[in-house]
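Shown below: data04.txt, with compact mmCIF, C-alpha atoms and all ligand atoms.
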# COMPACT_ATOMS: atom_id res chain seq x y z
CA MET A 89 -40.94 -0.86 32.45
CA ALA A 90 -37.61 -2.35 31.44
CA LEU A 91 -37.35 0.04 28.49
CA ARG A 92 -38.31 3.24 30.29
CA GLY A 93 -36.65 6.26 28.70
CA LYS A 94 -35.23 4.26 25.77
CA ARG A 95 -35.79 5.57 22.27
CA VAL A 96 -36.17 2.98 19.55
CA LEU A 97 -36.15 3.89 15.87
CA LEU A 98 -38.18 1.06 14.36
CA ILE A 99 -37.54 0.61 10.65
CA ILE A 100 -40.33 -1.39 9.05
CA THR A 101 -39.49 -2.90 5.68
CA GLY A 102 -41.73 -4.55 3.15
CA GLY A 103 -42.46 -8.10 4.10
CA ILE A 104 -45.71 -9.82 4.98
CA ALA A 105 -44.46 -9.93 8.59
CA ALA A 106 -44.79 -6.12 8.66
CA TYR A 107 -48.25 -6.57 10.17
CA LYS A 108 -46.52 -7.91 13.30
CA SER A 109 -44.64 -4.62 13.63
CA LEU A 110 -47.85 -2.98 14.75
CA ASP A 111 -47.95 -5.31 17.74
CA LEU A 112 -44.21 -4.78 18.22
CA ILE A 113 -44.75 -1.02 18.55
CA ARG A 114 -47.37 -1.63 21.26
CA ARG A 115 -45.24 -4.14 23.18
CA LEU A 116 -42.14 -1.94 23.10
CA ARG A 117 -44.18 1.02 24.31
CA GLU A 118 -45.76 -1.10 27.07
CA LYS A 119 -42.23 -1.62 28.37
CA GLY A 120 -41.68 2.12 28.45
CA ALA A 121 -39.83 2.70 25.15
CA ALA A 122 -40.53 5.67 22.91
CA VAL A 123 -40.94 4.24 19.42
CA ARG A 124 -40.44 6.35 16.33
CA CYS A 125 -41.06 4.62 13.01
CA VAL A 126 -39.58 4.70 9.54
CA LEU A 127 -41.70 2.99 6.91
CA THR A 128 -40.15 2.01 3.57
CA PRO A 129 -42.35 2.43 0.47
CA SER A 130 -42.89 -1.32 0.21
CA ALA A 131 -43.68 -1.58 3.94
CA ALA A 132 -46.41 0.99 3.35
CA GLU A 133 -48.00 -1.55 1.01
CA PHE A 134 -48.41 -3.93 3.96
CA VAL A 135 -49.25 -1.56 6.83
CA THR A 136 -50.65 1.93 6.65
CA PRO A 137 -48.75 4.97 7.92
CA LEU A 138 -51.92 5.88 9.79
CA SER A 139 -51.91 2.73 11.95
CA VAL A 140 -48.17 3.04 12.57
CA SER A 141 -48.56 6.66 13.55
CA ALA A 142 -51.56 5.95 15.79
CA LEU A 143 -49.78 3.15 17.63
CA SER A 144 -46.50 5.00 18.02
CA GLU A 145 -48.25 8.29 18.83
CA ASP A 146 -45.70 10.02 16.66
CA ARG A 147 -45.45 10.98 13.04
CA VAL A 148 -44.18 8.35 10.64
CA TYR A 149 -41.04 9.01 8.61
CA GLN A 150 -41.24 7.77 5.03
CA ASP A 151 -39.50 9.92 2.51
CA ILE A 152 -35.94 11.20 2.47
CA PHE A 153 -36.84 13.91 0.00
CA SER A 154 -39.82 15.19 1.91
CA LEU A 155 -39.10 18.78 2.88
CA THR A 156 -41.16 18.59 6.02
CA ASP A 157 -39.22 15.54 7.21
CA GLU A 158 -35.95 17.34 6.61
CA ALA A 159 -37.22 20.56 8.11
CA GLU A 160 -38.53 18.94 11.26
CA MET A 161 -35.78 16.40 11.66
CA GLY A 162 -32.92 15.63 9.28
CA HIS A 163 -32.29 11.98 8.55
CA ILE A 164 -28.95 12.12 10.32
CA GLN A 165 -30.56 13.41 13.47
CA LEU A 166 -33.38 10.88 13.13
CA SER A 167 -30.87 8.04 13.30
CA ARG A 168 -28.79 9.58 16.07
CA ASP A 169 -31.67 10.62 18.28
CA ALA A 170 -32.50 7.00 18.96
CA ASP A 171 -30.77 4.69 21.45
CA LEU A 172 -31.31 1.71 19.14
CA LEU A 173 -32.20 1.17 15.49
CA LEU A 174 -34.39 -1.89 15.10
CA VAL A 175 -35.23 -3.22 11.64
CA ALA A 176 -38.31 -5.47 11.87
CA PRO A 177 -39.14 -7.11 9.63
CA ALA A 178 -35.79 -6.97 7.86
CA THR A 179 -36.12 -8.19 4.28
CA ALA A 180 -33.31 -9.81 2.28
CA ASP A 181 -33.21 -6.57 0.33
CA ILE A 182 -32.54 -4.26 3.28
CA LEU A 183 -29.91 -6.66 4.66
CA ALA A 184 -28.17 -6.61 1.27
CA ARG A 185 -28.29 -2.83 1.10
CA MET A 186 -27.02 -2.52 4.67
CA ALA A 187 -24.17 -4.92 3.94
CA ALA A 188 -23.23 -2.97 0.82
CA GLY A 189 -23.49 0.40 2.56
CA ILE A 190 -26.13 1.64 0.13
CA ALA A 191 -28.10 4.70 1.21
CA ASN A 192 -30.81 5.17 -1.37
CA ASP A 193 -33.84 5.78 0.81
CA LEU A 194 -34.65 7.08 4.26
CA ALA A 195 -34.29 3.67 5.97
CA THR A 196 -30.86 2.85 4.54
CA THR A 197 -29.63 6.41 4.95
CA ALA A 198 -30.58 6.37 8.63
CA LEU A 199 -28.88 2.99 9.02
CA LEU A 200 -25.68 4.18 7.35
CA ALA A 201 -25.59 7.49 9.20
CA THR A 202 -26.20 6.14 12.66
CA ASP A 203 -23.72 5.93 15.50
CA LYS A 204 -26.10 3.76 17.53
CA PRO A 205 -26.47 -0.03 17.85
CA VAL A 206 -28.50 -1.75 15.15
CA MET A 207 -30.60 -4.89 15.57
CA VAL A 208 -32.47 -6.71 12.82
CA ALA A 209 -35.28 -9.28 12.84
CA PRO A 210 -35.02 -10.93 9.42
CA ALA A 211 -38.14 -12.20 7.67
CA MET A 212 -38.09 -13.83 4.27
CA ASN A 213 -38.71 -16.99 2.32
CA VAL A 214 -36.52 -19.93 3.33
CA TRP A 215 -34.71 -20.02 -0.04
CA MET A 216 -33.90 -16.34 0.23
CA TRP A 217 -32.63 -16.80 3.80
CA GLU A 218 -30.48 -19.74 2.76
CA HIS A 219 -29.13 -18.11 -0.40
CA ASP A 220 -25.36 -17.67 -0.28
CA ALA A 221 -25.78 -13.95 -0.94
CA THR A 222 -27.98 -13.49 2.14
CA LYS A 223 -25.66 -15.65 4.23
CA ALA A 224 -22.67 -13.57 3.20
CA ASN A 225 -24.55 -10.32 3.90
CA CYS A 226 -25.62 -11.53 7.35
CA ALA A 227 -22.11 -12.73 8.23
CA LEU A 228 -20.73 -9.32 7.26
CA LEU A 229 -23.37 -7.44 9.23
CA ALA A 230 -22.94 -9.69 12.28
CA ALA A 231 -19.19 -9.15 12.13
CA ARG A 232 -19.82 -5.40 12.10
CA GLY A 233 -21.81 -5.75 15.28
CA VAL A 234 -25.37 -5.80 13.94
CA GLY A 235 -27.48 -7.88 16.34
CA PHE A 236 -29.65 -10.58 14.76
CA ILE A 237 -32.93 -11.57 16.39
CA GLY A 238 -34.11 -14.74 14.65
CA PRO A 239 -35.32 -15.76 12.15
CA VAL A 240 -36.97 -18.97 13.25
CA GLN A 241 -38.14 -22.09 11.54
CA GLY A 242 -41.83 -22.42 10.69
CA ASP A 243 -44.64 -22.17 8.19
CA MET A 244 -44.34 -19.21 5.89
CA ALA A 245 -46.94 -17.01 4.28
CA CYS A 246 -45.72 -18.31 0.90
CA GLY A 247 -46.71 -21.87 1.87
CA GLU A 248 -43.16 -23.15 2.36
CA TYR A 249 -41.57 -24.29 5.61
CA GLY A 250 -38.15 -23.55 7.02
CA PHE A 251 -35.91 -20.85 8.48
CA GLY A 252 -36.82 -17.33 7.52
CA ARG A 253 -39.97 -16.67 9.54
CA MET A 254 -39.71 -13.54 11.67
CA ILE A 255 -39.21 -14.44 15.30
CA ASP A 256 -42.26 -13.77 17.48
CA VAL A 257 -42.83 -10.27 18.77
CA PRO A 258 -42.29 -11.16 22.49
CA ASP A 259 -38.89 -12.62 21.55
CA ILE A 260 -37.94 -9.40 19.76
CA VAL A 261 -38.99 -7.39 22.81
CA ASP A 262 -36.95 -9.72 25.06
CA ALA A 263 -33.90 -9.27 22.84
CA VAL A 264 -34.29 -5.48 23.01
CA VAL A 265 -34.63 -5.65 26.80
CA ARG A 266 -31.52 -7.87 26.95
CA HIS A 267 -29.70 -5.40 24.74
CA PHE A 268 -30.40 -2.52 27.10
CA SER A 269 -29.60 -4.54 30.20
CA GLY A 270 -26.33 -5.48 28.38
CA GLY A 271 -23.01 -5.72 30.07
CA ALA A 272 -24.23 -8.71 32.10
CA LEU A 273 -20.81 -10.32 31.56
CA ALA A 274 -18.78 -7.15 32.01
CA GLY A 275 -15.63 -7.87 34.01
CA ARG A 276 -15.61 -11.56 32.99
CA ARG A 277 -12.76 -12.90 30.89
CA ILE A 278 -13.79 -15.77 28.65
CA LEU A 279 -11.78 -17.92 26.22
CA VAL A 280 -13.44 -19.44 23.20
CA THR A 281 -11.81 -21.88 20.79
CA SER A 282 -13.25 -22.07 17.29
CA GLY A 283 -12.72 -23.55 13.85
CA PRO A 284 -10.74 -26.59 12.76
CA THR A 285 -7.05 -27.16 13.30
CA HIS A 286 -4.60 -27.85 10.51
CA GLU A 287 -2.00 -30.52 11.15
CA ALA A 288 0.97 -30.29 8.81
CA ILE A 289 2.05 -33.24 6.69
CA ASP A 290 4.76 -31.18 5.01
CA PRO A 291 5.12 -27.43 4.33
CA VAL A 292 2.28 -27.46 1.78
CA ARG A 293 -0.07 -30.23 2.88
CA TYR A 294 -2.12 -30.67 6.01
CA ILE A 295 -4.89 -32.71 7.62
CA ALA A 296 -8.01 -30.77 8.55
CA ASN A 297 -11.74 -31.24 9.12
CA ARG A 298 -14.99 -29.69 7.96
CA SER A 299 -15.54 -27.27 10.85
CA SER A 300 -16.45 -23.79 9.54
CA GLY A 301 -15.94 -21.99 12.86
CA LYS A 302 -19.44 -20.51 12.62
CA GLN A 303 -20.61 -21.81 15.99
CA GLY A 304 -17.45 -20.81 17.88
CA HIS A 305 -17.36 -17.36 16.31
CA ALA A 306 -21.06 -16.88 17.11
CA VAL A 307 -20.41 -17.83 20.75
CA ALA A 308 -17.54 -15.31 20.94
CA ALA A 309 -19.71 -12.58 19.36
CA ALA A 310 -22.57 -13.25 21.79
CA LEU A 311 -20.27 -13.11 24.83
CA ALA A 312 -18.57 -9.94 23.63
CA GLY A 313 -22.04 -8.48 23.05
CA LEU A 314 -22.74 -9.03 26.76
CA GLY A 315 -19.58 -7.18 27.70
CA ALA A 316 -17.26 -10.14 28.40
CA GLU A 317 -13.60 -9.68 27.63
CA THR A 318 -13.59 -12.36 24.96
CA ILE A 319 -10.45 -14.06 23.66
CA LEU A 320 -11.23 -16.02 20.51
CA ILE A 321 -8.54 -18.58 19.72
CA SER A 322 -9.33 -19.71 16.22
CA GLY A 323 -8.00 -22.25 13.79
CA PRO A 324 -8.05 -21.33 10.09
CA THR A 325 -11.53 -20.18 8.96
CA ALA A 326 -12.91 -18.00 6.21
CA LEU A 327 -15.03 -15.99 8.67
CA PRO A 328 -14.67 -12.29 9.42
CA ASP A 329 -13.49 -11.46 12.95
CA PRO A 330 -16.44 -10.85 15.29
CA THR A 331 -16.61 -7.29 16.63
CA GLY A 332 -15.25 -6.65 20.08
CA VAL A 333 -13.22 -9.83 20.56
CA THR A 334 -9.48 -10.31 20.79
CA ILE A 335 -8.63 -12.84 18.12
CA ILE A 336 -5.62 -15.12 18.26
CA ARG A 337 -5.11 -17.14 15.08
CA VAL A 338 -3.48 -20.55 15.29
CA GLU A 339 -3.01 -23.51 12.98
CA SER A 340 -2.40 -26.70 14.91
CA ALA A 341 -3.87 -28.27 18.06
CA ARG A 342 -0.62 -27.75 19.90
CA ASP A 343 -0.57 -24.06 18.95
CA MET A 344 -4.19 -23.77 20.09
CA LEU A 345 -3.42 -25.31 23.48
CA ALA A 346 -0.40 -23.06 23.95
CA ALA A 347 -2.48 -19.99 23.09
CA CYS A 348 -5.21 -21.06 25.54
CA GLU A 349 -2.75 -21.64 28.35
CA LYS A 350 -1.12 -18.29 27.69
CA ALA A 351 -4.52 -16.59 27.80
CA LEU A 352 -5.33 -17.96 31.29
CA PRO A 353 -6.52 -17.09 33.86
CA ALA A 354 -10.09 -16.79 32.70
CA ASP A 355 -13.51 -17.03 34.30
CA ALA A 356 -14.78 -19.42 31.65
CA ALA A 357 -13.44 -21.41 28.71
CA ILE A 358 -15.65 -22.63 25.91
CA CYS A 359 -14.07 -25.17 23.61
CA VAL A 360 -16.00 -25.10 20.36
CA ALA A 361 -13.08 -25.86 18.06
CA ALA A 362 -13.04 -29.14 16.17
CA VAL A 363 -9.51 -29.99 17.20
CA ALA A 364 -7.76 -32.72 15.23
CA ASP A 365 -7.31 -35.75 17.44
CA TRP A 366 -4.12 -36.75 15.67
CA ARG A 367 -1.23 -35.04 13.98
CA ILE A 368 1.56 -36.40 11.83
CA LYS A 369 4.26 -37.54 14.23
CA THR A 370 7.04 -35.82 12.33
CA ALA A 371 5.93 -33.40 9.66
CA ALA A 372 8.36 -33.30 6.71
CA THR A 373 10.40 -30.12 6.53
CA GLN A 374 10.40 -30.24 2.70
CA LYS A 375 7.53 -31.01 0.34
CA LEU A 376 7.12 -34.78 0.01
CA LYS A 377 7.92 -35.91 -3.55
CA LYS A 378 6.55 -38.62 -5.79
CA ASN A 379 9.86 -40.36 -6.23
CA GLY A 380 8.61 -43.72 -7.49
CA GLY A 381 8.90 -45.29 -4.07
CA GLY A 382 5.09 -45.42 -3.60
CA PRO A 383 2.92 -43.26 -1.36
CA PRO A 384 4.44 -42.10 1.92
CA VAL A 385 3.47 -43.85 5.12
CA LEU A 386 2.27 -41.28 7.64
CA GLU A 387 2.77 -42.04 11.30
CA PHE A 388 0.27 -40.35 13.62
CA ALA A 389 0.71 -39.03 17.13
CA GLU A 390 -2.08 -38.06 19.50
CA ASN A 391 -2.80 -34.36 19.93
CA PRO A 392 -3.31 -32.80 23.34
CA ASP A 393 -6.95 -32.56 24.40
CA ILE A 394 -7.43 -28.86 25.07
CA LEU A 395 -10.80 -29.20 26.79
CA LYS A 396 -9.47 -31.93 29.07
CA THR A 397 -6.36 -29.93 29.86
CA LEU A 398 -8.33 -26.77 30.71
CA SER A 399 -10.74 -28.84 32.85
CA LYS A 400 -7.97 -30.27 35.04
CA PRO A 401 -8.40 -29.20 38.65
CA GLY A 402 -5.92 -26.53 39.67
CA ASN A 403 -5.77 -22.89 40.49
CA LYS A 404 -5.79 -21.88 36.83
CA ARG A 405 -8.91 -23.88 36.01
CA PRO A 406 -11.62 -21.51 34.76
CA ARG A 407 -14.64 -21.65 37.04
CA LEU A 408 -16.80 -22.76 34.13
CA VAL A 409 -15.42 -25.02 31.39
CA ILE A 410 -17.73 -25.88 28.51
CA GLY A 411 -17.20 -28.32 25.66
CA PHE A 412 -19.08 -29.16 22.50
CA ALA A 413 -19.45 -32.74 21.35
CA ALA A 414 -20.03 -33.47 17.73
CA GLU A 415 -21.56 -36.94 17.49
CA THR A 416 -23.01 -38.96 14.65
CA GLU A 417 -24.88 -41.52 16.79
CA ASN A 418 -26.17 -42.03 20.36
CA VAL A 419 -25.69 -38.31 20.86
CA VAL A 420 -26.88 -37.95 24.44
CA GLU A 421 -25.43 -41.21 25.81
CA ASN A 422 -22.01 -40.47 24.33
CA ALA A 423 -22.11 -36.89 25.57
CA VAL A 424 -22.92 -37.87 29.16
CA VAL A 425 -19.87 -40.13 29.18
CA LYS A 426 -17.74 -37.54 27.42
CA ARG A 427 -18.56 -34.81 29.96
CA LYS A 428 -17.35 -37.05 32.76
CA THR A 429 -14.24 -38.20 30.92
CA LYS A 430 -13.23 -34.67 30.04
CA LYS A 431 -14.22 -33.31 33.46
CA CYS A 432 -15.80 -30.22 31.95
CA ASP A 433 -18.81 -28.59 33.60
CA TRP A 434 -21.19 -28.39 30.66
CA LEU A 435 -21.22 -30.20 27.36
CA LEU A 436 -23.27 -29.14 24.36
CA ALA A 437 -23.83 -32.20 22.23
CA ASN A 438 -24.99 -32.01 18.64
CA ASP A 439 -25.62 -34.45 15.86
CA VAL A 440 -23.29 -33.78 12.93
CA SER A 441 -24.22 -36.77 10.81
CA PRO A 442 -24.19 -35.61 7.16
CA ALA A 443 -28.02 -35.57 6.88
CA THR A 444 -28.23 -32.81 9.53
CA GLY A 445 -26.07 -30.36 7.54
CA THR A 446 -24.63 -29.03 10.82
CA PHE A 447 -21.04 -28.83 9.63
CA GLY A 448 -20.79 -25.63 7.62
CA GLY A 449 -24.55 -25.05 7.91
CA ASP A 450 -26.41 -22.42 9.90
CA ALA A 451 -28.58 -24.61 12.11
CA ASN A 452 -27.76 -26.68 15.14
CA THR A 453 -29.76 -28.94 17.45
CA ILE A 454 -28.23 -29.07 20.90
CA HIS A 455 -28.49 -31.16 24.05
CA LEU A 456 -27.00 -29.32 27.00
CA ILE A 457 -25.62 -31.75 29.53
CA THR A 458 -24.43 -30.72 32.97
CA ALA A 459 -23.97 -32.68 36.19
CA ASP A 460 -27.68 -32.36 36.94
CA ARG A 461 -29.39 -31.29 33.71
CA ASP A 462 -30.07 -32.67 30.24
CA GLU A 463 -31.83 -30.02 28.19
CA ALA A 464 -32.96 -30.71 24.61
CA TRP A 465 -32.90 -27.39 22.75
CA PRO A 466 -35.05 -26.94 19.65
CA THR A 467 -33.31 -26.59 16.28
CA MET A 468 -31.93 -23.06 16.14
CA THR A 469 -29.46 -21.05 14.16
CA LYS A 470 -25.90 -21.18 15.44
CA GLN A 471 -26.31 -17.58 16.48
CA GLN A 472 -29.37 -18.42 18.55
CA VAL A 473 -27.48 -21.33 20.15
CA ALA A 474 -24.73 -18.86 21.00
CA GLU A 475 -27.18 -16.39 22.52
CA ARG A 476 -28.93 -19.05 24.56
CA LEU A 477 -25.62 -20.37 25.82
CA ALA A 478 -24.47 -16.84 26.66
CA GLY A 479 -27.71 -16.33 28.60
CA GLN A 480 -27.02 -19.47 30.64
CA ILE A 481 -23.48 -18.31 31.31
CA VAL A 482 -24.92 -15.02 32.63
CA ASP A 483 -27.21 -17.05 34.92
CA PHE A 484 -24.28 -19.18 36.08
CA PHE A 485 -22.17 -16.22 37.07
CA GLY A 486 -25.22 -14.46 38.46
CA THR A 487 -25.72 -17.22 41.01
CA ASP A 488 -22.07 -18.15 41.50
CA ALA A 489 -20.47 -16.46 44.45
O1 LIG A 501 -13.47 -35.90 22.08
P1 LIG A 501 -14.15 -34.94 21.19
O2 LIG A 501 -13.29 -34.40 20.09
O3 LIG A 501 -15.49 -35.40 20.66
O4 LIG A 501 -14.51 -33.70 22.15
C1 LIG A 501 -15.07 -32.54 21.69
C2 LIG A 501 -14.80 -31.42 22.64
O5 LIG A 501 -13.45 -31.46 23.09
C3 LIG A 501 -14.96 -30.08 21.99
O6 LIG A 501 -15.33 -29.16 23.00
C4 LIG A 501 -13.55 -29.78 21.48
O7 LIG A 501 -13.33 -28.40 21.35
C5 LIG A 501 -12.71 -30.37 22.57
N1 LIG A 501 -11.42 -30.92 22.13
C6 LIG A 501 -10.26 -30.27 22.48
N2 LIG A 501 -9.06 -30.80 22.12
C7 LIG A 501 -8.99 -31.94 21.43
C8 LIG A 501 -10.17 -32.61 21.05
C9 LIG A 501 -11.36 -32.07 21.43
O8 LIG A 501 -10.34 -29.21 23.11
N3 LIG A 501 -7.81 -32.42 21.08
Write-out of the structure in structure tokens:
Amino acid sequence: MALRGKRVLLIITGGIAAYKSLDLIRRLREKGAAVRCVLTPSAAEFVTPLSVSALSEDRVYQDIFSLTDEAEMGHIQLSRDADLLLVAPATADILARMAAGIANDLATTALLATDKPVMVAPAMNVWMWEHDATKANCALLAARGVGFIGPVQGDMACGEYGFGRMIDVPDIVDAVVRHFSGGALAGRRILVTSGPTHEAIDPVRYIANRSSGKQGHAVAAALAGLGAETILISGPTALPDPTGVTIIRVESARDMLAACEKALPADAAICVAAVADWRIKTAATQKLKKNGGGPPVLEFAENPDILKTLSKPGNKRPRLVIGFAAETENVVENAVVKRKTKKCDWLLANDVSPATGTFGGDANTIHLITADRDEAWPTMTKQQVAERLAGQIVDFFGTDA
């Protein structure tokens, strides 16, 4: 009865996956939760208020203008009376309205008025999920602290295949249980590096790489969500700051290393940043000019390896140091060697060859390599990778004296 005494306001929106919400109500209640449901008008086209009411053993809230709803329980109270607001399935439409702060029906009004945590289980067609508008809405909501559960890859009711399928009901229940058992990393201080670095050529030009920072930021958000004191040391990215982390913005590899060293001691360090291996030996102090003498010759110098530096034995070494390895071939073999060379504890290797769309994309396929494990993870969103990694970090500290 992991959810005993917890009150969940389940907001069911209009997608074909709404039929799964009926099972979700049962499974949440089996774990001891009290489930009160809001049904949007389009959700009521997929599931009947009668079944929702029968399974939740409560009345179903549907209409913001219904006098009885307001008389018995105002929409503000409805959203505050719960310990968690869970939107499942969450359509592209509700995510867009949540992101925009629109309150034009009972569901969105409850979501805007609440002072409680909000989790969403998106469900939509793959093209809708991958549309830039949905991506931007999700990034904004995640940055505001909305917890995402899924979606996953799979066959869709519309006959297409891809990301956008609602994650299975047991996984939603697990995520809710994890949410309420939160704070598993409370008291732990964890550094995360993210994004690319910029290495100056002159005051206006620089060398960079294609890292978006999505994976590193997702890792920081997941750790902060579990209560870790999270220091996110980020190169330049276009991403919003994740909620609950301390962000330190840097430009170059050397700045990033200095910021990491300053942030020590820490219990764990997770190097997700795509740090430039080389910088220009002496960046010009003035803008380089086309002066007829031909293109400039740039001399490179090697950048410090932050992961290697943090992994060096010593009393400031975090107990757990984790690296990521972006590879374009022989992913596992190269990663096994890399973990040993860098002396980090865990290495998450992923294939970033252009065909995978990993750089800048939302999905990632990981091999976790430790001294005694090689785990092949299924293709997941970067957020799911972050959550799985955070779960393993919880296990590590749980068993580490
Ligand atoms: O050697 P490679 O760049 O493939 O190693 C990747 C891992 O090392 C990542 O975890 C990255 O954050 C880290 N790294 C670093 N400093 C560097 C280069 C890589 O921390 N200069």
Next on the checklist: Within 9 Å of ligand LIG 501 (chain A) (counting all atoms listed in the file), which residues show up? I'd like them as a ChimeraX atom specification.
Outcome noted: /A:281-283,341-342,344-345,358-366,390-398,410-415,423,426-427,430,435-437
Next on the checklist: If we count all atoms listed in the file and set the cut-off at 7 Å, which residues sit around region 102-107 of chain A, ignoring sequence neighbours fewer than 2 positions away in its own chain? Please answer as a ChimeraX atom specification.
Outcome noted: /A:100,109-110,128,130-131,134-135,177,179,211,254
Checklist entry - CA of Pro328 (chain A) to CA of Val234 (chain A): how many Å, to one decimal? => result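 CA of Pro328 (chain A) sits 13.3 Å away from CA of Val234 (chain A).
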Write out as a tab-separated table (two decimals) with C-alpha atoms, in the frame of the given file the residues lying within 12 Å of Ala188 (chain A), counting all atoms listed in the file and excluding same-chain residues fewer than 2 positions away.
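This is the output file selection.tsv:
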chain	number	residue	atom	x	y	z
A	181	ASP	CA	-33.21	-6.57	0.33
A	182	ILE	CA	-32.54	-4.26	3.28
A	183	LEU	CA	-29.91	-6.66	4.66
A	184	ALA	CA	-28.17	-6.61	1.27
A	185	ARG	CA	-28.29	-2.83	1.10
A	186	MET	CA	-27.02	-2.52	4.67
A	190	ILE	CA	-26.13	1.64	0.13
A	191	ALA	CA	-28.10	4.70	1.21
A	192	ASN	CA	-30.81	5.17	-1.37
A	196	THR	CA	-30.86	2.85	4.54
A	199	LEU	CA	-28.88	2.99	9.02
A	200	LEU	CA	-25.68	4.18	7.35
A	221	ALA	CA	-25.78	-13.95	-0.94
A	222	THR	CA	-27.98	-13.49	2.14
A	224	ALA	CA	-22.67	-13.57	3.20
A	225	ASN	CA	-24.55	-10.32	3.90
A	226	CYS	CA	-25.62	-11.53	7.35
A	228	LEU	CA	-20.73	-9.32	7.26
A	229	LEU	CA	-23.37	-7.44	9.23
Item to check | Contact residues around Lys204 (chain A) with only C-alpha atoms at 12 Å, ignoring same-chain residues under 5 positions, as JSON, numbers by chain | outcome: {"A": [95, 96, 97, 164, 165, 166, 167, 168, 169, 170, 171, 172, 173, 174, 198, 199, 233, 234, 235]}
Next on the checklist: Just want the 7 Å neighbourhood of region 312-318 of chain A, counted on all atoms listed in the file, with same-chain residues fewer than 5 positions away dropped. Output as a list in words.
Outcome noted: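 Non-adjacent residues within range: Gly270, Gly271, Ala272, Leu273, Ala274, Gly275, Arg276, Arg277, Ile278, Leu279, Gly332, Val333 and Thr334 of chain A.
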Next on the checklist: Considering all atoms listed in the file, can you say which of A:Asn297, A:Gln303, A:Glu349, A:Val265 comes closest to Ile454 (chain A)?
Outcome noted: A:Gln303
Checklist entry - Quick one: of A:Met212, A:Phe484, A:Val292, A:Glu118, who's nearest to Met244 (chain A), counting all atoms listed in the file? => result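 With all atoms listed in the file as the atom set, the closest residue is A:Met212.
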Next on the checklist: Please compute the CA of Lys428 (chain A)-CA of His455 (chain A) distance, one decimal, in Å.
Outcome noted: 15.3 Å
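Taking CA of Arg232 (chain A) and CA of Ala263 (chain A) as the two end points, the separation is 18.1 Å.
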Checklist entry - Which residue, A:Ile319, A:Glu248, A:Val419, A:Ala176, has the smallest gap to Ala351 (chain A) when you use only C-alpha atoms? => result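 For Ala351 (chain A), the nearest of the candidates is A:Ile319.
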Checklist entry - Which is closer to Ser269 (chain A) than all the others in A:Arg92, A:Pro284, A:Cys125, A:Thr429, using all atoms listed in the file? => result A:Arg92
Please put the answer as AutoDock Vina command-line options: centre and edge lengths, in Å with one decimal, of a box along x, y and z that encloses all listed atoms of region 425-443 of chain A plus 3 Å on each side.
--center_x -20.6 --center_y -34.3 --center_z 20.2 --size_x 20.8 --size_y 17.7 --size_z 32.7
Checklist entry - Quick one: of A:Ala354, A:Ile237, A:Val280, A:Leu112, who's nearest to Glu475 (chain A), counting all atoms listed in the file? => result A:Ile237
Checklist outcome for this item: Using only C-alpha atoms, the best pick from A:Asp193, A:Glu387, A:Asp439, A:Asp146 as closest to His163 (chain A) would be A:Asp193
Since the input is missing atoms for region 103-110 of chain A, could you rebuild it with N, CA, C and O atoms and give the result as a PDB file, in the frame of the given file?
ATOM      1  N   GLY A 103     -42.208  -6.671   4.138  1.00  0.00           N
ATOM      2  CA  GLY A 103     -42.460  -8.100   4.100  1.00  0.00           C
ATOM      3  C   GLY A 103     -43.843  -8.336   4.688  1.00  0.00           C
ATOM      4  O   GLY A 103     -44.368  -7.468   5.395  1.00  0.00           O
ATOM      5  N   ILE A 104     -44.377  -9.515   4.456  1.00  0.00           N
ATOM      6  CA  ILE A 104     -45.710  -9.820   4.980  1.00  0.00           C
ATOM      7  C   ILE A 104     -45.713  -9.723   6.507  1.00  0.00           C
ATOM      8  O   ILE A 104     -46.712  -9.357   7.125  1.00  0.00           O
ATOM      9  N   ALA A 105     -44.533  -9.988   7.126  1.00  0.00           N
ATOM     10  CA  ALA A 105     -44.460  -9.930   8.590  1.00  0.00           C
ATOM     11  C   ALA A 105     -44.602  -8.496   9.114  1.00  0.00           C
ATOM     12  O   ALA A 105     -44.660  -8.282  10.330  1.00  0.00           O
ATOM     13  N   ALA A 106     -44.674  -7.518   8.213  1.00  0.00           N
ATOM     14  CA  ALA A 106     -44.790  -6.120   8.660  1.00  0.00           C
ATOM     15  C   ALA A 106     -46.019  -5.917   9.543  1.00  0.00           C
ATOM     16  O   ALA A 106     -46.011  -5.057  10.420  1.00  0.00           O
ATOM     17  N   TYR A 107     -47.051  -6.750   9.328  1.00  0.00           N
ATOM     18  CA  TYR A 107     -48.250  -6.570  10.170  1.00  0.00           C
ATOM     19  C   TYR A 107     -47.916  -6.786  11.647  1.00  0.00           C
ATOM     20  O   TYR A 107     -48.522  -6.216  12.533  1.00  0.00           O
ATOM     21  N   LYS A 108     -46.895  -7.638  11.903  1.00  0.00           N
ATOM     22  CA  LYS A 108     -46.520  -7.910  13.300  1.00  0.00           C
ATOM     23  C   LYS A 108     -45.838  -6.686  13.942  1.00  0.00           C
ATOM     24  O   LYS A 108     -45.748  -6.581  15.160  1.00  0.00           O
ATOM     25  N   SER A 109     -45.327  -5.801  13.093  1.00  0.00           N
ATOM     26  CA  SER A 109     -44.640  -4.620  13.630  1.00  0.00           C
ATOM     27  C   SER A 109     -45.605  -3.731  14.397  1.00  0.00           C
ATOM     28  O   SER A 109     -45.192  -3.000  15.298  1.00  0.00           O
ATOM     29  N   LEU A 110     -46.874  -3.800  14.025  1.00  0.00           N
ATOM     30  CA  LEU A 110     -47.850  -2.980  14.750  1.00  0.00           C
ATOM     31  C   LEU A 110     -47.918  -3.453  16.200  1.00  0.00           C
ATOM     32  O   LEU A 110     -47.912  -2.640  17.135  1.00  0.00           O
TER      33      LEU A 110
END
